[in-house]
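Chemist: Have a peek at coords-v4.tsv (TSV, C-alpha atoms).
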chain	number	residue	atom	x	y	z
L	1	MET	CA	-13.17	27.69	-8.25
L	2	THR	CA	-12.31	24.10	-9.16
L	3	ASP	CA	-14.38	21.30	-7.73
L	4	THR	CA	-13.03	19.13	-4.93
L	5	GLN	CA	-14.12	15.65	-4.00
L	6	LEU	CA	-11.58	15.58	-1.13
L	7	PRO	CA	-8.51	13.28	-0.84
L	8	LEU	CA	-8.66	9.53	-1.46
L	9	TRP	CA	-8.28	6.98	1.39
L	10	GLU	CA	-7.89	3.20	1.35
L	11	VAL	CA	-10.02	1.19	3.76
L	12	PHE	CA	-8.98	-2.01	5.59
L	13	ILE	CA	-11.40	-3.97	7.73
L	14	GLN	CA	-10.92	-6.65	10.36
L	15	SER	CA	-14.10	-8.72	10.32
L	16	LYS	CA	-13.50	-10.02	13.86
L	17	THR	CA	-10.70	-9.86	16.38
L	18	GLY	CA	-7.88	-12.29	15.71
L	19	LEU	CA	-8.22	-12.10	11.91
L	20	PRO	CA	-6.00	-10.03	9.58
L	21	TYR	CA	-7.14	-6.68	8.17
L	22	LYS	CA	-8.32	-6.89	4.59
L	23	HIS	CA	-8.47	-4.18	1.93
L	24	VAL	CA	-12.11	-3.54	0.99
L	25	GLY	CA	-12.00	-0.43	-1.20
L	26	SER	CA	-11.52	3.30	-0.99
L	27	LEU	CA	-13.39	6.54	-0.35
L	28	HIS	CA	-12.97	10.29	-0.20
L	29	ALA	CA	-12.70	12.29	3.04
L	30	ALA	CA	-11.24	15.55	4.29
L	31	ASP	CA	-9.43	14.04	7.28
L	32	ALA	CA	-8.85	10.79	9.16
L	33	GLU	CA	-11.89	11.17	11.38
L	34	MET	CA	-14.22	11.70	8.43
L	35	ALA	CA	-12.56	8.81	6.59
L	36	LEU	CA	-13.25	6.48	9.53
L	37	GLU	CA	-16.90	7.51	9.79
L	38	ASN	CA	-17.44	7.23	6.05
L	39	ALA	CA	-15.75	3.82	6.04
L	40	ARG	CA	-18.10	2.67	8.79
L	41	ASP	CA	-21.16	3.92	6.85
L	42	VAL	CA	-20.08	2.57	3.49
L	43	TYR	CA	-18.26	-0.67	4.23
L	44	THR	CA	-19.82	-2.02	7.45
L	45	ARG	CA	-23.59	-1.57	7.03
L	46	ARG	CA	-24.14	-5.28	7.69
L	47	SER	CA	-21.76	-5.91	10.61
L	48	GLU	CA	-18.84	-6.76	8.32
L	49	GLY	CA	-16.30	-5.34	10.71
L	50	SER	CA	-15.11	-5.00	14.30
L	51	SER	CA	-12.24	-2.65	13.50
L	52	ILE	CA	-11.26	-0.31	10.65
L	53	TRP	CA	-7.99	1.15	9.36
L	54	VAL	CA	-7.97	4.09	6.95
L	55	VAL	CA	-4.80	5.16	5.12
L	56	PRO	CA	-4.31	8.09	2.73
L	57	SER	CA	-3.94	6.45	-0.69
L	58	GLU	CA	-0.91	8.60	-1.49
L	59	CYS	CA	0.95	7.01	1.45
L	60	ILE	CA	0.84	3.54	-0.09
L	61	THR	CA	3.85	2.32	-2.05
L	62	ALA	CA	3.10	-0.61	-4.32
L	63	SER	CA	5.39	-3.01	-6.17
L	64	ASN	CA	5.35	-2.81	-9.94
L	65	PRO	CA	3.69	-5.80	-11.68
L	66	GLU	CA	6.04	-5.45	-14.65
L	67	ASP	CA	9.01	-6.12	-12.36
L	68	ALA	CA	7.26	-8.96	-10.54
L	69	GLU	CA	9.43	-11.71	-12.02
L	70	GLU	CA	12.81	-10.39	-10.88
L	71	PHE	CA	11.35	-8.78	-7.76
L	72	PHE	CA	10.11	-12.11	-6.40
L	73	GLU	CA	12.92	-14.17	-7.91
L	74	PRO	CA	14.97	-14.50	-4.68
L	75	SER	CA	12.23	-16.51	-3.05
L	76	ASN	CA	11.42	-18.64	-6.11
L	77	ALA	CA	14.97	-19.95	-6.18
L	78	LYS	CA	15.00	-21.14	-2.58
L	79	ILE	CA	13.01	-24.34	-2.70
L	80	TYR	CA	14.71	-25.56	0.50
L	81	ARG	CA	12.41	-23.15	2.38
L	82	HIS	CA	9.56	-25.59	1.83
L	83	PRO	CA	9.15	-28.66	4.05
L	84	THR	CA	8.60	-30.90	1.03
L	85	PHE	CA	12.25	-30.32	-0.01
L	86	TYR	CA	13.56	-32.71	2.67
L	87	VAL	CA	13.79	-36.48	2.43
L	88	MET	CA	12.55	-38.15	5.59
L	89	PRO	CA	13.79	-41.62	6.65
L	90	GLU	CA	11.32	-44.43	6.00
L	91	GLY	CA	9.05	-45.10	8.99
L	92	ALA	CA	9.62	-41.80	10.83
L	93	LYS	CA	6.35	-40.55	12.33
L	94	ASN	CA	4.92	-37.20	13.43
L	95	ILE	CA	7.39	-35.13	11.41
J	1	MET	CA	6.61	-4.88	-31.80
J	2	GLU	CA	6.92	-4.55	-28.05
J	3	GLU	CA	3.37	-3.24	-27.90
J	4	LEU	CA	2.20	-6.29	-29.85
J	5	ASP	CA	3.94	-8.63	-27.38
J	6	LYS	CA	2.26	-6.88	-24.50
J	7	LEU	CA	-1.11	-7.16	-26.17
J	8	GLN	CA	-0.55	-10.87	-26.71
J	9	GLN	CA	0.46	-11.41	-23.10
J	10	PHE	CA	-2.55	-9.43	-21.98
J	11	GLN	CA	-4.91	-11.59	-24.04
J	12	GLN	CA	-3.26	-14.76	-22.73
J	13	LYS	CA	-3.87	-13.60	-19.19
J	14	ILE	CA	-7.52	-12.88	-19.99
J	15	ASP	CA	-7.92	-16.27	-21.70
J	16	ALA	CA	-6.44	-17.98	-18.63
J	17	GLU	CA	-9.11	-16.28	-16.46
J	18	LYS	CA	-6.50	-14.20	-14.64
J	19	LYS	CA	-7.70	-10.84	-13.35
J	20	ILE	CA	-6.19	-7.58	-14.55
J	21	GLU	CA	-5.15	-5.28	-11.69
J	22	PRO	CA	-4.79	-1.44	-11.75
J	23	LYS	CA	-1.02	-1.28	-12.28
J	24	ASP	CA	-0.93	-4.02	-14.93
J	25	TRP	CA	-0.35	-3.09	-18.56
J	26	MET	CA	-3.63	-2.89	-20.49
J	27	PRO	CA	-4.64	-1.71	-23.98
J	28	GLU	CA	-5.88	1.88	-24.04
J	29	ASP	CA	-9.25	0.71	-25.42
J	30	TYR	CA	-9.67	-1.74	-22.53
J	31	ARG	CA	-9.09	1.10	-20.08
J	32	LYS	CA	-11.48	3.40	-21.96
J	33	HIS	CA	-14.18	0.76	-22.21
J	34	LEU	CA	-13.95	0.07	-18.48
J	35	ILE	CA	-14.02	3.73	-17.51
J	36	ARG	CA	-17.09	4.25	-19.66
J	37	GLN	CA	-18.90	1.18	-18.38
J	38	ILE	CA	-17.99	1.47	-14.68
J	39	SER	CA	-18.67	5.22	-14.44
J	40	GLN	CA	-22.01	4.76	-16.22
J	41	HIS	CA	-22.80	2.01	-13.73
J	42	ALA	CA	-21.82	4.27	-10.81
J	43	HIS	CA	-23.89	7.18	-12.10
J	44	SER	CA	-26.85	4.82	-12.45
J	45	GLU	CA	-26.66	3.82	-8.79
J	46	VAL	CA	-26.59	7.46	-7.73
J	47	ILE	CA	-29.28	8.79	-10.10
J	48	GLY	CA	-31.36	5.72	-9.18
J	49	MET	CA	-31.81	7.15	-5.69
J	50	GLN	CA	-34.09	9.88	-7.07
J	51	PRO	CA	-37.20	7.93	-8.14
J	52	GLU	CA	-37.09	6.01	-4.85
J	53	GLY	CA	-36.34	9.07	-2.73
J	54	ASN	CA	-39.58	10.47	-4.10
J	55	TRP	CA	-41.49	8.06	-1.81
J	56	ILE	CA	-39.58	8.25	1.48
J	57	THR	CA	-41.88	10.83	3.04
J	58	ARG	CA	-44.98	9.05	1.74
J	59	ALA	CA	-44.12	5.44	2.56
J	60	PRO	CA	-47.30	3.75	3.87
J	61	SER	CA	-45.79	2.51	7.16
J	62	LEU	CA	-42.80	3.04	9.43
J	63	ARG	CA	-41.57	-0.44	8.46
J	64	SER	CA	-41.61	0.33	4.75
J	65	LYS	CA	-40.04	3.73	5.38
J	66	ILE	CA	-36.98	2.45	7.25
J	67	ILE	CA	-36.55	-0.31	4.67
J	68	LEU	CA	-36.69	2.18	1.80
J	69	LEU	CA	-34.19	4.43	3.57
J	70	ALA	CA	-31.80	1.50	4.04
J	71	LYS	CA	-32.18	0.51	0.39
J	72	ILE	CA	-31.44	4.01	-0.87
J	73	GLN	CA	-28.43	4.22	1.44
J	74	ASP	CA	-27.20	0.98	-0.14
J	75	GLU	CA	-27.51	2.52	-3.61
J	76	ALA	CA	-25.28	5.40	-2.51
J	77	GLY	CA	-22.78	2.84	-1.24
J	78	HIS	CA	-22.91	0.92	-4.52
J	79	GLY	CA	-22.25	4.13	-6.40
J	80	LEU	CA	-19.23	4.71	-4.21
J	81	TYR	CA	-17.77	1.18	-4.68
J	82	LEU	CA	-18.05	1.68	-8.43
J	83	TYR	CA	-16.59	5.20	-8.49
J	84	SER	CA	-13.67	3.81	-6.49
J	85	ALA	CA	-13.18	0.99	-8.99
J	86	ALA	CA	-13.20	3.48	-11.88
J	87	GLU	CA	-10.73	5.75	-10.09
J	88	THR	CA	-8.16	2.93	-10.07
J	89	LEU	CA	-8.06	3.36	-13.87
J	90	GLY	CA	-6.76	6.90	-13.56
J	91	ILE	CA	-9.89	9.02	-13.89
J	92	SER	CA	-10.71	11.36	-10.99
J	93	ARG	CA	-14.06	11.58	-9.22
J	94	GLU	CA	-14.31	15.24	-10.20
J	95	GLU	CA	-13.89	14.35	-13.87
J	96	MET	CA	-16.55	11.62	-13.70
J	97	ILE	CA	-19.08	13.98	-12.15
J	98	ASN	CA	-18.18	16.58	-14.72
J	99	GLN	CA	-18.80	14.05	-17.51
J	100	LEU	CA	-22.20	13.22	-16.04
J	101	HIS	CA	-23.14	16.89	-15.85
J	102	THR	CA	-22.02	17.68	-19.39
J	103	GLY	CA	-23.79	14.62	-20.82
J	104	LYS	CA	-20.56	12.92	-21.92
J	105	ALA	CA	-21.25	10.05	-19.52
J	106	LYS	CA	-24.64	8.40	-19.37
J	107	TYR	CA	-26.59	6.51	-16.73
J	108	SER	CA	-29.17	3.77	-17.10
J	109	SER	CA	-32.23	5.09	-18.95
J	110	ILE	CA	-34.55	3.25	-16.60
J	111	PHE	CA	-34.21	6.08	-14.08
J	112	ASN	CA	-35.69	8.56	-16.54
J	113	TYR	CA	-39.13	7.09	-15.84
J	114	PRO	CA	-41.24	8.56	-13.01
J	115	SER	CA	-42.30	6.70	-9.84
J	116	LEU	CA	-46.00	7.58	-9.81
J	117	THR	CA	-47.45	5.37	-7.05
J	118	TRP	CA	-46.25	3.30	-4.09
J	119	ALA	CA	-46.56	0.21	-6.29
J	120	ASP	CA	-43.77	1.68	-8.44
J	121	ILE	CA	-41.43	1.25	-5.48
J	122	GLY	CA	-42.40	-2.42	-5.53
J	123	ALA	CA	-41.90	-2.68	-9.29
J	124	ILE	CA	-38.52	-0.92	-9.14
J	125	GLY	CA	-37.20	-3.32	-6.49
J	126	TRP	CA	-38.63	-6.41	-8.13
J	127	LEU	CA	-37.95	-5.65	-11.81
J	128	VAL	CA	-35.29	-2.95	-12.01
J	129	ASP	CA	-33.13	-4.40	-9.24
J	130	GLY	CA	-33.99	-7.86	-10.54
J	131	ALA	CA	-32.66	-6.99	-13.99
J	132	ALA	CA	-29.63	-5.29	-12.45
J	133	ILE	CA	-28.87	-8.42	-10.41
J	134	VAL	CA	-28.87	-10.64	-13.52
J	135	ASN	CA	-26.35	-8.28	-15.08
J	136	GLN	CA	-24.27	-7.89	-11.92
J	137	VAL	CA	-24.08	-11.61	-11.11
J	138	SER	CA	-22.56	-12.06	-14.55
J	139	LEU	CA	-20.17	-9.14	-14.01
J	140	GLN	CA	-18.76	-10.71	-10.83
J	141	ARG	CA	-16.58	-12.66	-13.28
J	142	THR	CA	-15.45	-9.58	-15.21
J	143	SER	CA	-11.72	-9.54	-16.01
J	144	TYR	CA	-10.88	-6.30	-14.18
J	145	GLY	CA	-10.11	-7.06	-10.51
J	146	PRO	CA	-11.47	-3.92	-8.77
J	147	TYR	CA	-14.69	-4.05	-10.85
J	148	SER	CA	-15.17	-7.72	-10.07
J	149	ARG	CA	-14.66	-7.14	-6.33
J	150	ALA	CA	-17.15	-4.26	-6.32
J	151	MET	CA	-19.69	-6.47	-8.12
J	152	ILE	CA	-19.30	-9.29	-5.59
J	153	LYS	CA	-19.96	-6.88	-2.73
J	154	ILE	CA	-22.92	-5.29	-4.52
J	155	CYS	CA	-24.52	-8.64	-5.32
J	156	MET	CA	-24.39	-9.64	-1.66
J	157	GLU	CA	-26.40	-6.54	-0.77
J	158	GLU	CA	-28.70	-6.40	-3.76
J	159	SER	CA	-30.86	-9.46	-3.14
J	160	PHE	CA	-32.57	-7.74	-0.20
J	161	HIS	CA	-33.57	-4.99	-2.62
J	162	GLN	CA	-35.31	-7.32	-5.00
J	163	ARG	CA	-37.09	-9.20	-2.22
J	164	GLN	CA	-38.41	-6.02	-0.60
J	165	GLY	CA	-39.80	-4.92	-3.98
J	166	TYR	CA	-41.42	-8.27	-4.67
J	167	GLU	CA	-42.93	-8.27	-1.17
J	168	ILE	CA	-44.58	-4.89	-1.86
J	169	MET	CA	-45.98	-6.18	-5.16
J	170	ALA	CA	-47.24	-9.40	-3.56
J	171	LYS	CA	-48.95	-7.48	-0.75
J	172	MET	CA	-50.65	-5.06	-3.11
J	173	ALA	CA	-51.70	-7.83	-5.48
J	174	GLN	CA	-53.49	-9.49	-2.54
J	175	GLY	CA	-55.03	-6.24	-1.33
J	176	THR	CA	-58.18	-4.38	-2.40
J	177	PRO	CA	-59.11	-4.38	-6.11
J	178	GLU	CA	-57.73	-0.84	-6.34
J	179	GLN	CA	-54.42	-1.92	-4.83
J	180	LYS	CA	-54.17	-4.88	-7.18
J	181	GLU	CA	-54.90	-2.59	-10.10
J	182	MET	CA	-52.16	-0.26	-8.93
J	183	ALA	CA	-49.68	-3.16	-8.80
J	184	GLN	CA	-50.70	-4.32	-12.29
J	185	ASP	CA	-50.38	-0.78	-13.61
J	186	ALA	CA	-46.86	-0.48	-12.17
J	187	LEU	CA	-45.90	-3.80	-13.79
J	188	ASN	CA	-47.34	-2.60	-17.10
J	189	ARG	CA	-45.27	0.58	-17.02
J	190	TRP	CA	-41.98	-0.91	-15.76
J	191	TRP	CA	-41.85	-4.22	-17.65
J	192	TRP	CA	-40.64	-3.01	-21.03
J	193	PRO	CA	-38.20	-0.38	-19.73
J	194	SER	CA	-36.73	-3.14	-17.51
J	195	LEU	CA	-36.10	-5.31	-20.59
J	196	MET	CA	-34.46	-2.31	-22.26
J	197	MET	CA	-31.97	-2.12	-19.38
J	198	PHE	CA	-29.96	-4.91	-21.04
J	199	GLY	CA	-29.30	-2.67	-24.04
J	200	PRO	CA	-29.66	-3.18	-27.80
J	201	HIS	CA	-29.71	-6.59	-29.50
J	202	ASP	CA	-26.27	-8.20	-29.77
J	203	ASN	CA	-26.03	-7.58	-33.51
J	204	GLU	CA	-26.66	-3.87	-32.95
J	205	SER	CA	-24.54	-3.33	-29.86
J	206	ALA	CA	-21.48	-1.29	-30.74
J	207	HIS	CA	-19.42	-2.34	-27.73
J	208	THR	CA	-20.12	-6.07	-27.46
J	209	GLY	CA	-17.18	-7.43	-29.56
J	210	ASN	CA	-14.18	-6.23	-27.58
J	211	ALA	CA	-16.07	-6.41	-24.29
J	212	MET	CA	-16.57	-10.15	-24.76
J	213	LYS	CA	-13.06	-10.80	-26.10
J	214	TRP	CA	-11.55	-9.00	-23.12
J	215	LYS	CA	-14.08	-10.60	-20.77
J	216	ILE	CA	-15.25	-7.26	-19.45
J	217	LYS	CA	-18.71	-8.64	-20.15
J	218	ARG	CA	-19.23	-12.36	-19.71
J	219	GLU	CA	-22.66	-12.73	-21.31
J	220	THR	CA	-24.27	-10.74	-24.11
J	221	ASN	CA	-27.21	-8.35	-23.80
J	222	ASP	CA	-29.64	-10.83	-25.33
J	223	GLU	CA	-28.47	-13.73	-23.17
J	224	LEU	CA	-28.90	-11.70	-20.00
J	225	ARG	CA	-32.31	-10.37	-21.06
J	226	GLN	CA	-33.51	-13.93	-21.70
J	227	LYS	CA	-32.29	-15.02	-18.26
J	228	PHE	CA	-34.21	-12.20	-16.59
J	229	ILE	CA	-37.44	-12.99	-18.44
J	230	ASP	CA	-37.17	-16.71	-17.75
J	231	LYS	CA	-36.90	-16.22	-14.01
J	232	THR	CA	-39.42	-13.39	-13.67
J	233	VAL	CA	-42.46	-14.89	-15.45
J	234	GLN	CA	-43.11	-17.45	-12.71
J	235	GLN	CA	-42.78	-14.77	-10.01
J	236	ALA	CA	-45.53	-12.73	-11.68
J	237	GLU	CA	-47.77	-15.81	-11.91
J	238	VAL	CA	-47.36	-16.60	-8.20
J	239	ILE	CA	-48.73	-13.20	-7.18
J	240	GLY	CA	-51.46	-13.20	-9.82
J	241	LEU	CA	-50.17	-10.36	-12.01
J	242	THR	CA	-49.99	-10.43	-15.80
J	243	ILE	CA	-46.87	-9.52	-17.75
J	244	PRO	CA	-47.94	-7.03	-20.43
J	245	ASP	CA	-46.71	-8.99	-23.44
J	246	PRO	CA	-49.25	-10.92	-25.59
J	247	ASP	CA	-46.38	-12.73	-27.34
J	248	LEU	CA	-44.90	-14.12	-24.13
J	249	LYS	CA	-44.97	-17.91	-24.44
J	250	TRP	CA	-42.92	-20.86	-23.18
J	251	ASN	CA	-40.91	-22.40	-25.99
J	252	GLU	CA	-40.38	-26.06	-25.17
J	253	GLU	CA	-37.79	-26.52	-27.88
J	254	ARG	CA	-35.59	-23.61	-26.84
J	255	GLY	CA	-36.21	-24.13	-23.14
J	256	HIS	CA	-36.86	-20.39	-22.85
J	257	TYR	CA	-39.73	-17.96	-23.05
J	258	ASP	CA	-40.38	-16.31	-26.40
J	259	PHE	CA	-41.32	-12.66	-26.05
J	260	GLY	CA	-42.48	-9.68	-28.10
J	261	GLU	CA	-40.28	-7.07	-29.73
J	262	ILE	CA	-39.07	-4.16	-27.64
J	263	ASP	CA	-40.03	-0.66	-28.77
J	264	TRP	CA	-36.53	0.40	-29.84
J	265	GLU	CA	-37.73	3.81	-30.90
J	266	GLU	CA	-38.68	4.50	-27.31
J	267	PHE	CA	-35.35	3.07	-26.14
J	268	TRP	CA	-33.30	5.45	-28.30
J	269	ARG	CA	-35.57	8.39	-27.54
J	270	VAL	CA	-34.91	7.99	-23.80
J	271	VAL	CA	-31.19	7.23	-24.25
J	272	ASN	CA	-30.85	10.39	-26.32
J	273	GLY	CA	-32.30	12.55	-23.59
J	274	ASN	CA	-36.01	12.74	-24.34
J	275	GLY	CA	-37.53	10.42	-21.75
J	276	PRO	CA	-40.11	11.61	-19.23
J	277	CYS	CA	-37.58	12.66	-16.54
J	278	ASN	CA	-34.13	13.08	-18.16
J	279	LYS	CA	-33.88	16.80	-17.49
J	280	LYS	CA	-35.34	16.57	-14.02
J	281	ARG	CA	-32.88	13.86	-12.92
J	282	LEU	CA	-29.80	15.65	-14.21
J	283	ASN	CA	-30.86	19.08	-13.01
J	284	HIS	CA	-31.48	17.71	-9.54
J	285	HIS	CA	-28.03	16.12	-9.43
J	286	LYS	CA	-26.39	19.38	-10.57
J	287	LYS	CA	-28.35	21.42	-8.04
J	288	VAL	CA	-27.45	19.17	-5.09
J	289	HIS	CA	-23.83	19.04	-6.23
J	290	GLU	CA	-23.65	22.86	-6.26
J	291	GLU	CA	-25.50	23.19	-2.97
J	292	GLY	CA	-23.02	20.82	-1.33
J	293	ARG	CA	-19.99	22.64	-2.65
J	294	TRP	CA	-19.55	24.83	0.45
J	295	VAL	CA	-19.64	21.72	2.67
J	296	ARG	CA	-16.79	20.09	0.76
J	297	GLU	CA	-14.80	23.32	0.79
J	298	ALA	CA	-15.40	23.86	4.51
J	299	ALA	CA	-14.35	20.28	5.30
J	300	ALA	CA	-11.18	20.70	3.24
J	301	ALA	CA	-10.39	24.04	4.91
J	302	TYR	CA	-10.95	22.58	8.38
J	303	ALA	CA	-8.68	19.60	7.63
J	304	LYS	CA	-5.97	21.96	6.41
J	305	LYS	CA	-6.23	24.08	9.53
J	306	GLN	CA	-5.98	21.04	11.81
J	307	LYS	CA	-2.93	19.83	9.92
J	308	ASN	CA	-1.21	23.22	10.23
J	309	LYS	CA	-1.93	23.23	13.97
J	310	GLN	CA	-0.34	19.79	14.29
J	311	ILE	CA	2.77	20.95	12.45
J	312	ALA	CA	3.02	24.10	14.60
J	313	ALA	CA	2.69	22.14	17.88
As structure tokens, how would this structure be written, given the file I've shared?
Modeler:
Amino acid sequence: MTDTQLPLWEVFIQSKTGLPYKHVGSLHAADAEMALENARDVYTRRSEGSSIWVVPSECITASNPEDAEEFFEPSNAKIYRHPTFYVMPEGAKNI
Amino acid sequence: MEELDKLQQFQQKIDAEKKIEPKDWMPEDYRKHLIRQISQHAHSEVIGMQPEGNWITRAPSLRSKIILLAKIQDEAGHGLYLYSAAETLGISREEMINQLHTGKAKYSSIFNYPSLTWADIGAIGWLVDGAAIVNQVSLQRTSYGPYSRAMIKICMEESFHQRQGYEIMAKMAQGTPEQKEMAQDALNRWWWPSLMMFGPHDNESAHTGNAMKWKIKRETNDELRQKFIDKTVQQAEVIGLTIPDPDLKWNEERGHYDFGEIDWEEFWRVVNGNGPCNKKRLNHHKKVHEEGRWVREAAAAYAKKQKNKQIAA
């Protein structure tokens, strides 16, 4: 029988409430419950987290770095989305 | 031609200190080098639990026992961070374990030495973890993103390991004459193998060239070894222990310690499988892996059953 190390999961941790979840690494687990417990044991041994997300790695769709230039092009061309694009009248305050 | 362009762009990125991420194009040799180095590093963390595990049931106090347990648990975690980093390069965990078991992948030779007394637990934390930290601090700046991130996390946790080891050595060095002798004996046995952890001299290291060019490694074996010696000598002096090297001497001109030649015959003997504990370490890993097989299979079967139930409901 072939060996199994169980499916791969990605782990995201919120260090305290109010902050965004951050990817910290991955691990192997049979199901979501085991993935959560393993994530707690592996990635929060020193109170690094107040909340954990685990996601099966195969469920993640990632953009392709080789297409990055054209993929992100629409936003690069729109400099008027930045506040520094606009010319403010001399003397205007608090804007 | 296209391949050549890609290689050039890759090198430009490296030169500009940009990190390489898993889906980025990379030369096959870069990928191979990383898989070899990271998996070897991961195996070392895991095999390294054995000499320390040897003393859990015989730790001299409850305090030292819970600390040792926490340290060994950290090593398991470090192994896992590193396996995860290697997996992003396209090798599976099963394959890495298989390579360890068949001898295709190696682990650090330092763990093929036995931990004979409690002072060895001190020496391992102080010297072995100390040497590992020097290497790992440097690797935080490695060019491969997932490896670098794993190193940053490991370094944050590792300094407790070295301090707990040094504390054991300091305590024993101040204890009864027998305890001090035990500490000195542990230092005598672990000093040279710790220096060997940095690998062969730069001019004899087969992998150094590309590893430096691609910034997988940021400092050479000899540079890192010198760093470790320079910072450890004073720590030995403070606790009244003597480093077992008659040639060890401060060199004012170089601003470094000079030191004696390493016994390279011993180094290669242990690397090639004939150290004191090579067979024991590997056999133990194989045995535990086989004994745990039914647990992994049961967990997988249970998960499958739960999933089927969900679909049926």
Chemist: Could you list, as number ranges by chain, the residues of chain J having an atom within 10 Å of chain L when counting all atoms listed in the file?
Modeler: J: 21-25, 70, 73-74, 76-78, 80-85, 87-88, 92-95, 97-98, 146, 149-150, 153, 157, 289-290, 293, 296-304, 306-307
Chemist: In Å to one decimal, how far is CA of Phe160 (chain J) from CA of Arg63 (chain J)?
Modeler: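 Computing the Euclidean distance for CA of Arg63 (chain J) and CA of Phe160 (chain J) yields 14.5 Å.
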Chemist: Would you list the residues near (-39.7, -4.2, -16.6), meaning any protein, DNA or RNA residue with an atom at most 12 Å from that point in file coordinates, counting all atoms listed in the file, as a ChimeraX atom specification?
Modeler: /J:110-111,113,120,122-132,184-198,225,228-229,232-233,236,243-245,262
Chemist: For the residues in the current selection, export C-alpha atoms as a PDB file, in the coordinates of the input.
Modeler:
ATOM      1  CA  ILE J 110     -34.550   3.250 -16.600  1.00  0.00           C
ATOM      2  CA  PHE J 111     -34.210   6.080 -14.080  1.00  0.00           C
ATOM      3  CA  TYR J 113     -39.130   7.090 -15.840  1.00  0.00           C
ATOM      4  CA  ASP J 120     -43.770   1.680  -8.440  1.00  0.00           C
ATOM      5  CA  GLY J 122     -42.400  -2.420  -5.530  1.00  0.00           C
ATOM      6  CA  ALA J 123     -41.900  -2.680  -9.290  1.00  0.00           C
ATOM      7  CA  ILE J 124     -38.520  -0.920  -9.140  1.00  0.00           C
ATOM      8  CA  GLY J 125     -37.200  -3.320  -6.490  1.00  0.00           C
ATOM      9  CA  TRP J 126     -38.630  -6.410  -8.130  1.00  0.00           C
ATOM     10  CA  LEU J 127     -37.950  -5.650 -11.810  1.00  0.00           C
ATOM     11  CA  VAL J 128     -35.290  -2.950 -12.010  1.00  0.00           C
ATOM     12  CA  ASP J 129     -33.130  -4.400  -9.240  1.00  0.00           C
ATOM     13  CA  GLY J 130     -33.990  -7.860 -10.540  1.00  0.00           C
ATOM     14  CA  ALA J 131     -32.660  -6.990 -13.990  1.00  0.00           C
ATOM     15  CA  ALA J 132     -29.630  -5.290 -12.450  1.00  0.00           C
ATOM     16  CA  GLN J 184     -50.700  -4.320 -12.290  1.00  0.00           C
ATOM     17  CA  ASP J 185     -50.380  -0.780 -13.610  1.00  0.00           C
ATOM     18  CA  ALA J 186     -46.860  -0.480 -12.170  1.00  0.00           C
ATOM     19  CA  LEU J 187     -45.900  -3.800 -13.790  1.00  0.00           C
ATOM     20  CA  ASN J 188     -47.340  -2.600 -17.100  1.00  0.00           C
ATOM     21  CA  ARG J 189     -45.270   0.580 -17.020  1.00  0.00           C
ATOM     22  CA  TRP J 190     -41.980  -0.910 -15.760  1.00  0.00           C
ATOM     23  CA  TRP J 191     -41.850  -4.220 -17.650  1.00  0.00           C
ATOM     24  CA  TRP J 192     -40.640  -3.010 -21.030  1.00  0.00           C
ATOM     25  CA  PRO J 193     -38.200  -0.380 -19.730  1.00  0.00           C
ATOM     26  CA  SER J 194     -36.730  -3.140 -17.510  1.00  0.00           C
ATOM     27  CA  LEU J 195     -36.100  -5.310 -20.590  1.00  0.00           C
ATOM     28  CA  MET J 196     -34.460  -2.310 -22.260  1.00  0.00           C
ATOM     29  CA  MET J 197     -31.970  -2.120 -19.380  1.00  0.00           C
ATOM     30  CA  PHE J 198     -29.960  -4.910 -21.040  1.00  0.00           C
ATOM     31  CA  ARG J 225     -32.310 -10.370 -21.060  1.00  0.00           C
ATOM     32  CA  PHE J 228     -34.210 -12.200 -16.590  1.00  0.00           C
ATOM     33  CA  ILE J 229     -37.440 -12.990 -18.440  1.00  0.00           C
ATOM     34  CA  THR J 232     -39.420 -13.390 -13.670  1.00  0.00           C
ATOM     35  CA  VAL J 233     -42.460 -14.890 -15.450  1.00  0.00           C
ATOM     36  CA  ALA J 236     -45.530 -12.730 -11.680  1.00  0.00           C
ATOM     37  CA  ILE J 243     -46.870  -9.520 -17.750  1.00  0.00           C
ATOM     38  CA  PRO J 244     -47.940  -7.030 -20.430  1.00  0.00           C
ATOM     39  CA  ASP J 245     -46.710  -8.990 -23.440  1.00  0.00           C
ATOM     40  CA  ILE J 262     -39.070  -4.160 -27.640  1.00  0.00           C
TER      41      ILE J 262
END
Chemist: Would you please work out which residue, of J:Ile216, J:Ile121, J:Val288, J:Met182, is nearest to Gly145 (chain J) when using all atoms listed in the file?
Modeler: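 Going through J:Ile216, J:Ile121, J:Val288, J:Met182 one by one, the smallest distance to Gly145 (chain J) is for J:Ile216.
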Chemist: Given all atoms listed in the file as the basis, pick out the residue of L:Tyr86, L:Ser57, L:Ala39, L:Thr44 nearest to Trp9 (chain L).
Modeler: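 Among the listed residues, L:Ser57 lies closest to Trp9 (chain L).
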Chemist: Could you check how far CA of Glu17 (chain J) sits from CA of Ser143 (chain J), in Å to one decimal?
Modeler: 7.2 Å
Chemist: Counting only C-alpha atoms, figure out which residue out of L:Pro83, L:Ser75, L:Lys22, L:Asn38 gets nearest to Ile95 (chain L).
Modeler: L:Pro83
Chemist: Quote the spacing between CA of Leu241 (chain J) and CA of Gly175 (chain J) in Å to one decimal place.
Modeler: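 Interatomic distance here is 12.4 Å.
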Chemist: Need to verify the contact set: Lys279 (chain J), 12 Å, all atoms listed in the file, exclusion of same-chain residues closer than 4 positions in sequence. Can you return it as a ChimeraX atom specification?
Modeler: /J:47,101,103,109,111-114,270,272-275,283-287
Chemist: Measuring atom to atom with only C-alpha atoms, identify which of J:Trp118, J:Ile14, J:Ala170, J:Glu219 is nearest to Thr57 (chain J).
Modeler: J:Trp118
